[in-house]
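Have a look at run_17.cif; it's mmCIF, C-alpha atoms:
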data_my_file
loop_
_atom_site.label_atom_id
_atom_site.label_comp_id
_atom_site.auth_asym_id
_atom_site.auth_seq_id
_atom_site.Cartn_x
_atom_site.Cartn_y
_atom_site.Cartn_z
CA MET A 1356 -19.18 100.26 -33.88
CA SER A 1357 -20.77 97.85 -36.30
CA LEU A 1358 -17.87 95.42 -36.10
CA LYS A 1359 -18.06 95.39 -32.31
CA ASN A 1360 -21.79 94.85 -32.55
CA ASP A 1361 -21.31 91.85 -34.84
CA LEU A 1362 -18.94 90.34 -32.33
CA THR A 1363 -21.07 90.81 -29.21
CA LEU A 1364 -24.50 89.96 -30.67
CA GLY A 1365 -24.08 86.23 -30.12
CA LEU A 1366 -22.84 86.50 -26.55
CA LEU A 1367 -26.07 87.25 -24.70
CA LYS A 1368 -28.59 89.20 -26.72
CA GLU A 1369 -28.88 86.57 -29.43
CA ASN A 1370 -27.20 83.71 -27.62
CA PRO A 1371 -27.86 80.79 -29.95
CA VAL A 1372 -28.60 78.32 -27.17
CA LEU A 1373 -30.34 80.26 -24.44
CA ARG A 1374 -32.12 82.85 -26.57
CA LEU A 1375 -32.68 81.44 -30.05
CA MET A 1376 -33.06 77.81 -28.88
CA ILE A 1377 -31.03 76.39 -31.75
CA GLY A 1378 -28.26 73.84 -31.74
CA LEU A 1379 -29.66 72.24 -28.60
CA CYS A 1380 -28.81 68.60 -29.19
CA PRO A 1381 -25.04 68.77 -28.52
CA VAL A 1382 -25.59 71.17 -25.61
CA LEU A 1383 -27.62 68.59 -23.73
CA ALA A 1384 -25.75 65.53 -24.88
CA VAL A 1385 -22.10 66.41 -24.29
CA SER A 1386 -22.42 68.68 -21.25
CA ASN A 1387 -22.04 65.86 -18.70
CA ASN A 1388 -18.56 67.17 -17.93
CA ALA A 1389 -16.72 70.41 -18.54
CA ILE A 1390 -13.95 68.92 -20.69
CA ASN A 1391 -16.39 67.39 -23.19
CA ALA A 1392 -18.29 70.68 -23.25
CA LEU A 1393 -15.13 72.65 -23.99
CA GLY A 1394 -14.04 70.18 -26.70
CA MET A 1395 -17.42 70.39 -28.41
CA SER A 1396 -17.39 74.20 -28.22
CA LEU A 1397 -13.97 74.33 -29.90
CA ALA A 1398 -15.07 71.94 -32.65
CA VAL A 1399 -18.19 74.00 -33.35
CA ALA A 1400 -16.16 77.24 -33.26
CA PHE A 1401 -13.72 75.85 -35.84
CA VAL A 1402 -16.50 74.90 -38.24
CA LEU A 1403 -18.61 78.01 -37.66
CA ILE A 1404 -15.80 80.57 -38.10
CA LEU A 1405 -14.31 78.92 -41.18
CA SER A 1406 -17.65 78.26 -42.86
CA ASN A 1407 -18.71 81.88 -42.23
CA PHE A 1408 -15.38 82.97 -43.76
CA VAL A 1409 -15.75 80.84 -46.88
CA VAL A 1410 -19.43 81.60 -47.40
CA ALA A 1411 -18.78 85.35 -47.12
CA ALA A 1412 -15.81 85.07 -49.49
CA ILE A 1413 -17.76 83.24 -52.21
CA ARG A 1414 -21.11 84.98 -51.70
CA LYS A 1415 -20.86 86.99 -54.93
CA VAL A 1416 -20.31 83.98 -57.20
CA VAL A 1417 -22.88 81.65 -55.62
CA PRO A 1418 -26.17 81.44 -57.61
CA ASP A 1419 -29.10 82.22 -55.36
CA ASP A 1420 -31.13 79.10 -56.24
CA ILE A 1421 -28.57 76.53 -55.17
CA ARG A 1422 -26.98 78.39 -52.26
CA ILE A 1423 -28.20 75.96 -49.56
CA PRO A 1424 -26.58 72.82 -51.09
CA ILE A 1425 -23.39 74.85 -51.58
CA PHE A 1426 -23.42 75.96 -47.93
CA ILE A 1427 -23.93 72.35 -46.88
CA ILE A 1428 -20.94 71.20 -48.93
CA VAL A 1429 -18.75 73.95 -47.43
CA ILE A 1430 -19.89 73.06 -43.90
CA SER A 1431 -19.51 69.32 -44.36
CA THR A 1432 -15.96 69.83 -45.67
CA PHE A 1433 -14.94 71.52 -42.42
CA VAL A 1434 -16.87 68.97 -40.36
CA THR A 1435 -15.00 66.15 -42.07
CA ILE A 1436 -11.68 67.92 -41.38
CA ILE A 1437 -12.40 68.34 -37.66
CA ASP A 1438 -13.88 64.82 -37.48
CA TYR A 1439 -10.67 63.21 -38.76
CA THR A 1440 -8.39 65.60 -36.85
CA MET A 1441 -10.04 64.80 -33.54
CA GLN A 1442 -10.04 61.09 -34.32
CA ALA A 1443 -6.28 61.27 -34.86
CA PHE A 1444 -5.11 63.64 -32.11
CA THR A 1445 -7.70 63.43 -29.31
CA PRO A 1446 -9.10 59.87 -29.54
CA GLU A 1447 -10.48 59.92 -25.97
CA LEU A 1448 -12.45 63.11 -26.50
CA TYR A 1449 -13.61 61.84 -29.87
CA ALA A 1450 -14.94 58.65 -28.29
CA ALA A 1451 -16.75 60.68 -25.60
CA LEU A 1452 -18.40 63.03 -28.10
CA GLY A 1453 -19.35 60.14 -30.39
CA VAL A 1454 -21.78 60.75 -33.20
CA PHE A 1455 -22.13 64.43 -32.25
CA VAL A 1456 -18.92 65.38 -34.09
CA PRO A 1457 -20.15 64.41 -37.58
CA LEU A 1458 -23.57 65.78 -36.61
CA ILE A 1459 -22.14 69.32 -36.39
CA VAL A 1460 -23.08 69.41 -40.08
CA VAL A 1461 -26.79 69.62 -39.21
CA ASN A 1462 -26.29 72.02 -36.30
CA CYS A 1463 -28.79 74.77 -37.08
CA ILE A 1464 -26.46 77.48 -35.76
CA ILE A 1465 -23.95 76.97 -38.56
CA LEU A 1466 -26.32 76.82 -41.54
CA GLY A 1467 -28.39 79.56 -39.88
CA ARG A 1468 -25.44 81.98 -39.64
CA ALA A 1469 -24.33 81.14 -43.20
CA GLU A 1470 -27.79 81.94 -44.55
CA ALA A 1471 -28.76 84.83 -42.26
CA PHE A 1472 -25.42 86.60 -41.92
CA ALA A 1473 -22.41 85.46 -43.91
CA TYR A 1474 -24.27 85.33 -47.24
CA ARG A 1475 -25.05 89.05 -46.91
CA ALA A 1476 -21.99 90.52 -45.17
CA PRO A 1477 -18.30 91.20 -45.89
CA VAL A 1478 -15.66 88.70 -44.86
CA LEU A 1479 -14.41 90.49 -41.73
CA ASN A 1480 -17.90 91.01 -40.29
CA SER A 1481 -18.77 87.38 -40.97
CA VAL A 1482 -15.66 86.08 -39.23
CA LEU A 1483 -16.40 88.29 -36.21
CA ASP A 1484 -20.00 87.09 -36.20
CA GLY A 1485 -18.70 83.51 -36.24
CA VAL A 1486 -16.38 84.26 -33.31
CA GLY A 1487 -19.19 85.90 -31.32
CA MET A 1488 -21.69 83.15 -31.97
CA SER A 1489 -19.09 80.49 -31.08
CA LEU A 1490 -18.33 82.30 -27.83
CA GLY A 1491 -22.03 82.47 -27.00
CA PHE A 1492 -22.48 78.79 -27.79
CA GLY A 1493 -19.35 77.87 -25.81
CA LEU A 1494 -20.39 80.03 -22.86
CA ALA A 1495 -23.75 78.29 -22.56
CA LEU A 1496 -22.31 74.82 -23.14
CA VAL A 1497 -19.39 75.16 -20.70
CA THR A 1498 -21.60 76.74 -18.01
CA ILE A 1499 -23.98 73.79 -18.19
CA GLY A 1500 -21.03 71.38 -18.30
CA VAL A 1501 -19.44 72.93 -15.19
CA VAL A 1502 -22.71 72.84 -13.22
CA ARG A 1503 -23.45 69.24 -14.17
CA GLU A 1504 -19.94 67.96 -13.53
CA LEU A 1505 -19.69 69.76 -10.19
CA LEU A 1506 -23.04 68.52 -8.90
CA GLY A 1507 -23.00 65.15 -10.60
CA SER A 1508 -19.49 63.85 -9.98
CA GLY A 1509 -17.98 66.38 -7.56
CA SER A 1510 -15.19 67.44 -9.89
CA LEU A 1511 -14.27 70.33 -12.17
CA PHE A 1512 -12.44 69.77 -15.48
CA GLY A 1513 -11.46 66.37 -14.08
CA TRP A 1514 -10.12 67.70 -10.72
CA GLN A 1515 -11.88 65.96 -7.86
CA LEU A 1516 -13.18 68.67 -5.50
CA PHE A 1517 -15.22 66.60 -3.07
CA ASN A 1518 -16.10 62.97 -2.54
CA GLY A 1519 -17.83 61.67 -5.67
CA ALA A 1520 -20.03 59.39 -3.57
CA ALA A 1521 -21.71 62.49 -2.08
CA ALA A 1522 -22.59 63.84 -5.53
CA ALA A 1523 -26.00 63.66 -7.18
CA THR A 1524 -25.38 61.19 -10.02
CA ILE A 1525 -28.68 62.20 -11.59
CA MET A 1526 -27.01 65.42 -12.79
CA ILE A 1527 -24.67 63.59 -15.19
CA LEU A 1528 -27.50 61.35 -16.41
CA PRO A 1529 -29.85 62.60 -19.14
CA PRO A 1530 -32.51 64.16 -16.82
CA GLY A 1531 -29.84 66.38 -15.25
CA ALA A 1532 -29.23 68.06 -18.59
CA PHE A 1533 -32.88 69.03 -19.01
CA ILE A 1534 -33.14 70.29 -15.42
CA THR A 1535 -29.97 72.38 -15.63
CA ILE A 1536 -30.88 74.12 -18.86
CA GLY A 1537 -34.49 74.68 -17.71
CA LEU A 1538 -33.39 76.33 -14.47
CA LEU A 1539 -30.70 78.35 -16.29
CA MET A 1540 -33.30 79.76 -18.69
CA ALA A 1541 -35.73 80.53 -15.88
CA GLY A 1542 -32.95 82.31 -13.98
CA LEU A 1543 -32.04 84.32 -17.07
CA ASN A 1544 -35.70 85.32 -17.52
CA LYS A 1545 -35.91 86.49 -13.94
CA LEU A 1546 -32.65 88.41 -14.21
CA GLU A 1547 -33.84 90.15 -17.35
CA ASN A 1548 -37.14 91.09 -15.70
CA LYS A 1549 -35.26 92.75 -12.88
CA VAL A 1550 -32.88 94.67 -15.14
CA LEU A 1551 -35.61 95.97 -17.45
CA MET B 1273 -34.86 37.59 -30.91
CA GLU B 1274 -31.86 39.69 -31.87
CA LEU B 1275 -34.03 41.94 -34.05
CA PHE B 1276 -36.52 42.22 -31.21
CA GLY B 1277 -33.71 43.38 -28.94
CA ILE B 1278 -32.50 45.96 -31.44
CA PHE B 1279 -36.02 47.32 -31.81
CA PHE B 1280 -36.70 47.70 -28.10
CA ALA B 1281 -33.26 49.08 -27.30
CA ALA B 1282 -33.86 51.82 -29.88
CA PHE B 1283 -37.53 52.28 -28.94
CA LEU B 1284 -37.33 52.63 -25.14
CA ILE B 1285 -33.91 52.10 -23.59
CA ASN B 1286 -31.94 54.49 -25.78
CA ASN B 1287 -34.91 56.70 -26.64
CA ILE B 1288 -33.65 59.08 -29.29
CA LEU B 1289 -35.20 62.20 -27.74
CA LEU B 1290 -35.03 61.68 -24.00
CA ILE B 1291 -31.88 59.60 -23.56
CA ARG B 1292 -29.78 60.21 -26.68
CA PHE B 1293 -30.67 63.92 -27.05
CA LEU B 1294 -31.16 64.03 -30.78
CA ALA B 1295 -33.77 65.98 -32.76
CA LEU B 1296 -34.46 68.24 -29.80
CA CYS B 1297 -35.28 71.28 -31.94
CA SER B 1298 -38.38 69.50 -33.21
CA PHE B 1299 -39.10 68.03 -29.77
CA PHE B 1300 -39.57 71.51 -28.30
CA GLY B 1301 -40.66 73.20 -31.52
CA VAL B 1302 -43.65 71.18 -32.73
CA SER B 1303 -44.89 69.69 -29.45
CA THR B 1304 -47.13 72.59 -28.43
CA LYS B 1305 -50.14 70.94 -30.09
CA LEU B 1306 -51.04 67.26 -30.25
CA SER B 1307 -52.03 67.40 -33.92
CA THR B 1308 -48.70 68.86 -35.06
CA SER B 1309 -46.72 66.32 -33.08
CA VAL B 1310 -48.69 63.46 -34.64
CA GLY B 1311 -48.03 64.88 -38.12
CA MET B 1312 -44.33 65.27 -37.38
CA SER B 1313 -44.07 61.73 -35.97
CA SER B 1314 -45.62 60.13 -39.03
CA ALA B 1315 -43.29 62.12 -41.28
CA VAL B 1316 -40.27 61.05 -39.21
CA ILE B 1317 -41.23 57.36 -39.29
CA PHE B 1318 -41.70 57.54 -43.06
CA VAL B 1319 -38.52 59.47 -43.91
CA MET B 1320 -36.22 57.82 -41.39
CA THR B 1321 -37.00 54.28 -42.55
CA ILE B 1322 -36.48 55.08 -46.22
CA SER B 1323 -33.40 57.25 -45.76
CA SER B 1324 -31.64 54.77 -43.51
CA ALA B 1325 -32.23 52.02 -46.09
CA VAL B 1326 -30.91 54.19 -48.92
CA SER B 1327 -27.89 55.46 -47.02
CA TRP B 1328 -27.01 51.91 -45.93
CA VAL B 1329 -26.99 50.81 -49.58
CA ILE B 1330 -24.94 53.83 -50.67
CA TYR B 1331 -22.36 53.26 -47.93
CA HIS B 1332 -21.96 49.54 -48.49
CA ALA B 1333 -22.25 49.53 -52.28
CA VAL B 1334 -20.35 52.71 -53.20
CA LEU B 1335 -18.41 54.44 -50.42
CA PHE B 1336 -16.93 51.39 -48.71
CA PRO B 1337 -15.73 49.43 -51.82
CA PHE B 1338 -14.11 52.55 -53.29
CA HIS B 1339 -12.50 53.68 -49.98
CA LEU B 1340 -14.47 56.91 -49.94
CA GLU B 1341 -15.59 56.66 -46.31
CA PHE B 1342 -14.32 60.17 -45.62
CA LEU B 1343 -17.07 61.52 -47.88
CA ARG B 1344 -19.86 60.01 -45.81
CA THR B 1345 -20.87 63.21 -44.01
CA ALA B 1346 -21.30 65.16 -47.24
CA VAL B 1347 -22.85 62.27 -49.16
CA PHE B 1348 -25.39 61.36 -46.47
CA ILE B 1349 -26.66 64.88 -45.91
CA LEU B 1350 -27.06 65.48 -49.64
CA THR B 1351 -28.75 62.08 -50.06
CA ILE B 1352 -31.22 62.81 -47.28
CA ALA B 1353 -31.97 66.31 -48.57
CA SER B 1354 -32.70 65.10 -52.10
CA LEU B 1355 -34.59 62.03 -50.85
CA VAL B 1356 -36.93 64.25 -48.85
CA GLN B 1357 -37.64 66.28 -51.99
CA LEU B 1358 -38.39 63.11 -53.97
CA GLU B 1359 -40.64 61.74 -51.25
CA GLU B 1360 -42.52 65.01 -51.14
CA LEU B 1361 -43.13 64.92 -54.91
CA TYR B 1362 -44.17 61.26 -54.77
CA LEU B 1363 -46.61 61.76 -51.91
CA LYS B 1364 -48.13 64.84 -53.53
CA LYS B 1365 -48.85 62.90 -56.72
CA MET B 1366 -49.68 59.39 -55.47
CA LEU B 1367 -51.04 59.75 -51.94
CA PRO B 1368 -52.52 63.24 -51.61
CA ALA B 1369 -54.36 62.41 -48.36
CA LEU B 1370 -51.12 61.41 -46.65
CA TYR B 1371 -49.39 64.44 -48.16
CA ARG B 1372 -51.95 66.77 -46.62
CA ALA B 1373 -51.41 65.15 -43.24
CA MET B 1374 -47.61 65.39 -43.17
CA GLY B 1375 -46.80 67.71 -46.06
CA ILE B 1376 -45.56 70.78 -44.21
CA TYR B 1377 -43.36 68.70 -41.91
CA LEU B 1378 -41.41 67.05 -44.71
CA PRO B 1379 -39.11 69.99 -45.59
CA LEU B 1380 -38.36 70.51 -41.89
CA ILE B 1381 -37.07 66.97 -41.66
CA THR B 1382 -33.95 67.65 -43.70
CA THR B 1383 -32.49 69.47 -40.70
CA ASN B 1384 -33.76 66.90 -38.19
CA CYS B 1385 -30.48 65.56 -36.87
CA ALA B 1386 -32.02 62.22 -35.85
CA ILE B 1387 -32.34 61.19 -39.50
CA LEU B 1388 -28.64 61.73 -40.19
CA ALA B 1389 -27.65 60.28 -36.82
CA VAL B 1390 -29.49 57.01 -37.52
CA ALA B 1391 -27.66 56.70 -40.83
CA PHE B 1392 -24.31 57.17 -39.04
CA LEU B 1393 -25.14 54.95 -36.08
CA ALA B 1394 -26.32 52.04 -38.23
CA ILE B 1395 -22.85 52.06 -39.80
CA ASP B 1396 -20.97 52.57 -36.52
CA TYR B 1397 -22.83 49.61 -34.99
CA ARG B 1398 -21.99 47.49 -38.09
CA PHE B 1399 -25.63 46.57 -38.68
CA GLY B 1400 -26.72 44.50 -41.67
CA PHE B 1401 -29.47 45.76 -43.96
CA LEU B 1402 -32.41 44.17 -42.13
CA GLN B 1403 -30.98 45.11 -38.73
CA SER B 1404 -30.55 48.75 -39.71
CA LEU B 1405 -34.11 48.81 -41.05
CA ILE B 1406 -35.47 47.46 -37.75
CA TYR B 1407 -33.21 49.87 -35.86
CA SER B 1408 -34.57 52.90 -37.71
CA LEU B 1409 -38.14 51.68 -37.15
CA GLY B 1410 -37.41 51.40 -33.43
CA VAL B 1411 -35.81 54.85 -33.26
CA SER B 1412 -38.67 56.54 -35.11
CA SER B 1413 -41.32 54.77 -33.01
CA GLY B 1414 -39.49 55.92 -29.89
CA TYR B 1415 -39.44 59.45 -31.28
CA SER B 1416 -43.21 59.31 -31.86
CA LEU B 1417 -43.94 57.91 -28.41
CA ALA B 1418 -41.92 60.58 -26.63
CA ILE B 1419 -43.11 63.57 -28.65
CA ILE B 1420 -46.80 62.58 -28.51
CA LEU B 1421 -46.69 62.04 -24.73
CA PHE B 1422 -44.87 65.36 -24.37
CA ALA B 1423 -47.51 67.15 -26.47
CA TYR B 1424 -50.28 65.73 -24.25
CA ILE B 1425 -48.51 67.09 -21.17
CA ARG B 1426 -47.88 70.50 -22.74
CA GLU B 1427 -51.53 70.84 -23.74
CA ARG B 1428 -52.54 70.16 -20.15
CA MET B 1429 -49.91 72.57 -18.86
CA LEU B 1430 -51.60 75.51 -20.58
CA LEU B 1431 -54.14 75.46 -17.73
CA ALA B 1432 -51.58 75.25 -14.94
CA PRO B 1433 -50.52 78.28 -12.88
CA ILE B 1434 -46.79 78.49 -13.74
CA PRO B 1435 -44.49 81.16 -12.23
CA LYS B 1436 -43.89 83.92 -14.74
CA TRP B 1437 -40.22 83.33 -15.48
CA PHE B 1438 -40.78 79.58 -15.86
CA GLN B 1439 -43.39 79.99 -18.58
CA GLY B 1440 -42.62 78.72 -22.05
CA TYR B 1441 -39.34 76.90 -22.60
CA PRO B 1442 -38.04 76.61 -19.00
CA ILE B 1443 -41.04 74.60 -17.79
CA ALA B 1444 -40.94 72.52 -20.96
CA PHE B 1445 -37.36 71.55 -20.13
CA ILE B 1446 -38.24 70.66 -16.55
CA THR B 1447 -41.13 68.51 -17.85
CA ALA B 1448 -38.77 66.79 -20.27
CA ALA B 1449 -36.43 66.10 -17.35
CA PHE B 1450 -39.13 64.14 -15.55
CA MET B 1451 -40.07 62.24 -18.69
CA SER B 1452 -36.41 61.41 -19.20
CA LEU B 1453 -36.26 60.19 -15.61
CA ALA B 1454 -39.14 57.84 -16.34
CA PHE B 1455 -37.43 56.52 -19.48
CA LEU B 1456 -34.24 55.96 -17.49
CA GLY B 1457 -36.21 53.27 -15.68
CA PHE B 1458 -36.07 51.11 -18.81
CA THR B 1459 -32.28 50.74 -18.51
CA ASN B 1460 -31.31 47.09 -18.00
CA MET B 1461 -34.69 45.90 -19.20
CA PHE B 1462 -34.19 42.67 -21.22
CA ASN B 1463 -30.52 42.75 -20.07
CA LEU B 1464 -29.45 44.53 -23.23
#

Can the structure from this file be put into structure tokens for me?
Amino acid sequence: MSLKNDLTLGLLKENPVLRLMIGLCPVLAVSNNAINALGMSLAVAFVLILSNFVVAAIRKVVPDDIRIPIFIIVISTFVTIIDYTMQAFTPELYAALGVFVPLIVVNCIILGRAEAFAYRAPVLNSVLDGVGMSLGFGLALVTIGVVRELLGSGSLFGWQLFNGAAAATIMILPPGAFITIGLLMAGLNKLENKVL
Amino acid sequence: MELFGIFFAAFLINNILLIRFLALCSFFGVSTKLSTSVGMSSAVIFVMTISSAVSWVIYHAVLFPFHLEFLRTAVFILTIASLVQLEELYLKKMLPALYRAMGIYLPLITTNCAILAVAFLAIDYRFGFLQSLIYSLGVSSGYSLAIILFAYIRERMLLAPIPKWFQGYPIAFITAAFMSLAFLGFTNMFNL
């Protein structure tokens, strides 16, 4: 029961992006097409799950006073690994995501979960929490990416669906990101009002 | 002329909040009141200028000559975190009036991704020391401009009749979309 709860918490109820409003910068910046959004979600998932795992594993030997710098070193280790891996194996994606890959280190979701969850919970729960939170983050990011790519360039994951000239270019420009996420949140609010 | 271009490109054309999408947590978090957004802006200008100067020196004097570039993520974040602590101590002792104005915003700045991003970008763009200083001044002025304008609008919006499910964050995002649209108009200014 508790394990299942740890896994599903991040999906909707405490969705990091749409509910807790953290980790917003990459969501807006790299959601101009679905492939970038998916790549960013995977990079964040890698760092979040592994840093939750390590923080939970070492939580008993970490002195309370200096836990934050230690978390940051753990997180930045994994960020450096994914940074160099992507640079080597997916150079195109890396160029598209730009400075947002090294900036995963200051993504509030990761330090937030390390401090609020992994530091206090066993390894298995922490890994599941990392998986759930990554899924919630990815869900929000890919949804926004799909909407923006479809409306802004008429394609989906790179497949051209209709004539790009008929698409609203504004959706893949910066204002489109703000509009999409604003409407998505308003829709979610309305949906919740109806259900409750 | 080149420095002028760097400043204005960072200030308006690539506005850090509305076009580059950095530091958005603080953009939505502290912009509900004008006074808090002014405090946050002054703290950002102060910290960003100093930390970009220090991280430039560390990268070019230590990391680059010793081929330790792969450590830059860890080194920069730790540098910025400890620098913020030092600046807080210094302000508290030497300039108490300024400390009272921006004191509570200083610790928040460690997690402000714009500070770290400017340190990375100044290296990616291969800026010299003076250029990176001007660049960080431009970025932080752009941050202040956007967040103060946004706070003005949000204060006015308190009086507006907004549909129930748009209240709070959704309408703030829609407002930001229109501001971003306005900033998009600066593209191609000065042919940069």

*Do you know which residues are at most 6 Å from stretch 1417-1432 of chain A counting all atoms listed in the file, after dropping those on the same chain fewer than 6 positions away, and could you put them as a VMD selection string?*
(chain A and resid 1406 1460) or (chain B and resid 1346)

*Might you pull out every residue within 7 Å of stretch 1533-1535 of chain A, with all atoms listed in the file counted and same-chain residues fewer than 6 positions away left off, and present them as a list in words?*
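So, after excluding close chain neighbours, the residues are Ile1499 of chain A; Phe1445, Ile1446, Ala1448 and Ala1449 of chain B.
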
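With only C-alpha atoms as the basis for measurement, A:Leu1494 is the residue among A:Leu1494, A:Val1501, A:Leu1546, A:Ala1523 that approaches A:Leu1373 most closely.
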
With chain B as the partner and 7 Å as the cut-off, tabulate the residues of chain A that qualify, each row holding the nearest pair of atoms and their distance in Å to one decimal, using all atoms listed in the file, sorted by chain and rising number, as JSON lines.
{"residue": "A:Ile1377", "atom": "CA", "partner": "B:Cys1297", "partner_atom": "CA", "distance": 6.6}
{"residue": "A:Leu1379", "atom": "CA", "partner": "B:Leu1296", "partner_atom": "CA", "distance": 6.4}
{"residue": "A:Cys1380", "atom": "CA", "partner": "B:Leu1294", "partner_atom": "CA", "distance": 5.4}
{"residue": "A:Leu1383", "atom": "CA", "partner": "B:Phe1293", "partner_atom": "CA", "distance": 6.5}
{"residue": "A:Ala1384", "atom": "CA", "partner": "B:Phe1293", "partner_atom": "CA", "distance": 5.6}
{"residue": "A:Ile1428", "atom": "CA", "partner": "B:Ala1346", "partner_atom": "CA", "distance": 6.3}
{"residue": "A:Ser1431", "atom": "CA", "partner": "B:Ala1346", "partner_atom": "CA", "distance": 5.4}
{"residue": "A:Thr1435", "atom": "CA", "partner": "B:Thr1345", "partner_atom": "CA", "distance": 6.8}
{"residue": "A:Val1454", "atom": "CA", "partner": "B:Ala1389", "partner_atom": "CA", "distance": 6.9}
{"residue": "A:Pro1457", "atom": "CA", "partner": "B:Thr1345", "partner_atom": "CA", "distance": 6.6}
{"residue": "A:Leu1458", "atom": "CA", "partner": "B:Ala1389", "partner_atom": "CA", "distance": 6.9}
{"residue": "A:Val1461", "atom": "CA", "partner": "B:Thr1383", "partner_atom": "CA", "distance": 5.9}
{"residue": "A:Pro1529", "atom": "CA", "partner": "B:Ile1291", "partner_atom": "CA", "distance": 5.7}
{"residue": "A:Pro1530", "atom": "CA", "partner": "B:Ala1449", "partner_atom": "CA", "distance": 4.4}
{"residue": "A:Gly1531", "atom": "CA", "partner": "B:Ala1449", "partner_atom": "CA", "distance": 6.9}
{"residue": "A:Phe1533", "atom": "CA", "partner": "B:Ala1449", "partner_atom": "CA", "distance": 4.9}
{"residue": "A:Ile1534", "atom": "CA", "partner": "B:Ile1446", "partner_atom": "CA", "distance": 5.2}
{"residue": "A:Gly1537", "atom": "CA", "partner": "B:Pro1442", "partner_atom": "CA", "distance": 4.2}
{"residue": "A:Leu1538", "atom": "CA", "partner": "B:Pro1442", "partner_atom": "CA", "distance": 6.5}
{"residue": "A:Met1540", "atom": "CA", "partner": "B:Pro1442", "partner_atom": "CA", "distance": 5.7}
{"residue": "A:Ala1541", "atom": "CA", "partner": "B:Phe1438", "partner_atom": "CA", "distance": 5.1}
{"residue": "A:Asn1544", "atom": "CA", "partner": "B:Trp1437", "partner_atom": "CA", "distance": 5.3}
{"residue": "A:Lys1545", "atom": "CA", "partner": "B:Trp1437", "partner_atom": "CA", "distance": 5.6}

Centre and edge lengths, as AutoDock Vina command-line options, for the axis-aligned box enclosing every listed atom of stretch 1486-1497 of chain A with 3 Å of padding on each of the six sides, in Å to one decimal?
--center_x -20.1 --center_y 80.4 --center_z -27.0 --size_x 13.4 --size_y 17.1 --size_z 18.6

*Between atom CA of A:Asn1407 and atom CA of A:Ser1481, what is the distance, to one decimal in Å?*
5.6 Å

*asked:* One decimal, in Å: what's the spacing between atom CA of A:Ala1411 and atom CA of A:Ile1436?
replied: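 Those two atoms sit 19.7 Å apart.
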
*asked:* Evaluated on this file, the PyMOL selection byres ((chain A and resi 1404) around 12) picks out some residues - which ones are they, written as number ranges by chain?
replied: A: 1362, 1396-1403, 1405-1411, 1429-1430, 1433-1434, 1464-1466, 1468-1469, 1472-1473, 1478-1490

*Just the residues within 6 Å of stretch 1311-1324 of chain B, please, counting all atoms listed in the file, with nothing from its chain fewer than 2 positions along; format it as a list of chain:residue names.*
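Non-adjacent residues within range: B:Thr1308, B:Ser1309, B:Val1326, B:Ser1327, B:Trp1328, B:Met1374, B:Tyr1377, B:Ile1387, B:Ala1391, B:Ser1408, B:Ser1412, B:Ser1416.
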
_Translate the PyMOL selection byres ((chain A and resi 1514) around 12) into a concrete residue list for this structure, as a list in words._
Asn1388, Ala1389, Ile1390, Val1501, Glu1504, Leu1505, Ser1508, Gly1509, Ser1510, Leu1511, Phe1512, Gly1513, Gln1515, Leu1516, Phe1517, Asn1518 and Gly1519 of chain A

Residue subset to file, keeping C-alpha atoms, as a PDB file, keeping the file's coordinate frame:
ATOM      1  CA  ASN A1388     -18.560  67.170 -17.930  1.00  0.00           C
ATOM      2  CA  ALA A1389     -16.720  70.410 -18.540  1.00  0.00           C
ATOM      3  CA  ILE A1390     -13.950  68.920 -20.690  1.00  0.00           C
ATOM      4  CA  VAL A1501     -19.440  72.930 -15.190  1.00  0.00           C
ATOM      5  CA  GLU A1504     -19.940  67.960 -13.530  1.00  0.00           C
ATOM      6  CA  LEU A1505     -19.690  69.760 -10.190  1.00  0.00           C
ATOM      7  CA  SER A1508     -19.490  63.850  -9.980  1.00  0.00           C
ATOM      8  CA  GLY A1509     -17.980  66.380  -7.560  1.00  0.00           C
ATOM      9  CA  SER A1510     -15.190  67.440  -9.890  1.00  0.00           C
ATOM     10  CA  LEU A1511     -14.270  70.330 -12.170  1.00  0.00           C
ATOM     11  CA  PHE A1512     -12.440  69.770 -15.480  1.00  0.00           C
ATOM     12  CA  GLY A1513     -11.460  66.370 -14.080  1.00  0.00           C
ATOM     13  CA  GLN A1515     -11.880  65.960  -7.860  1.00  0.00           C
ATOM     14  CA  LEU A1516     -13.180  68.670  -5.500  1.00  0.00           C
ATOM     15  CA  PHE A1517     -15.220  66.600  -3.070  1.00  0.00           C
ATOM     16  CA  ASN A1518     -16.100  62.970  -2.540  1.00  0.00           C
ATOM     17  CA  GLY A1519     -17.830  61.670  -5.670  1.00  0.00           C
TER      18      GLY A1519
END

*At what distance in Å, to one decimal, does atom CA of A:Ala1495 lie from atom CA of A:Val1382?*
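Interatomic distance here is 8.0 Å.
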
*With distances taken over all atoms listed in the file, which of B:Ala1325, B:Leu1405, B:Val1310, B:Val1334 is nearest to B:Ile1420?*
B:Val1310

*Exactly which residues make up the result of the PyMOL selection byres ((chain B and resi 1275) around 10) on this file, given as a PyMOL selection string?*
chain B and resi 1273-1274+1276-1281+1402-1407
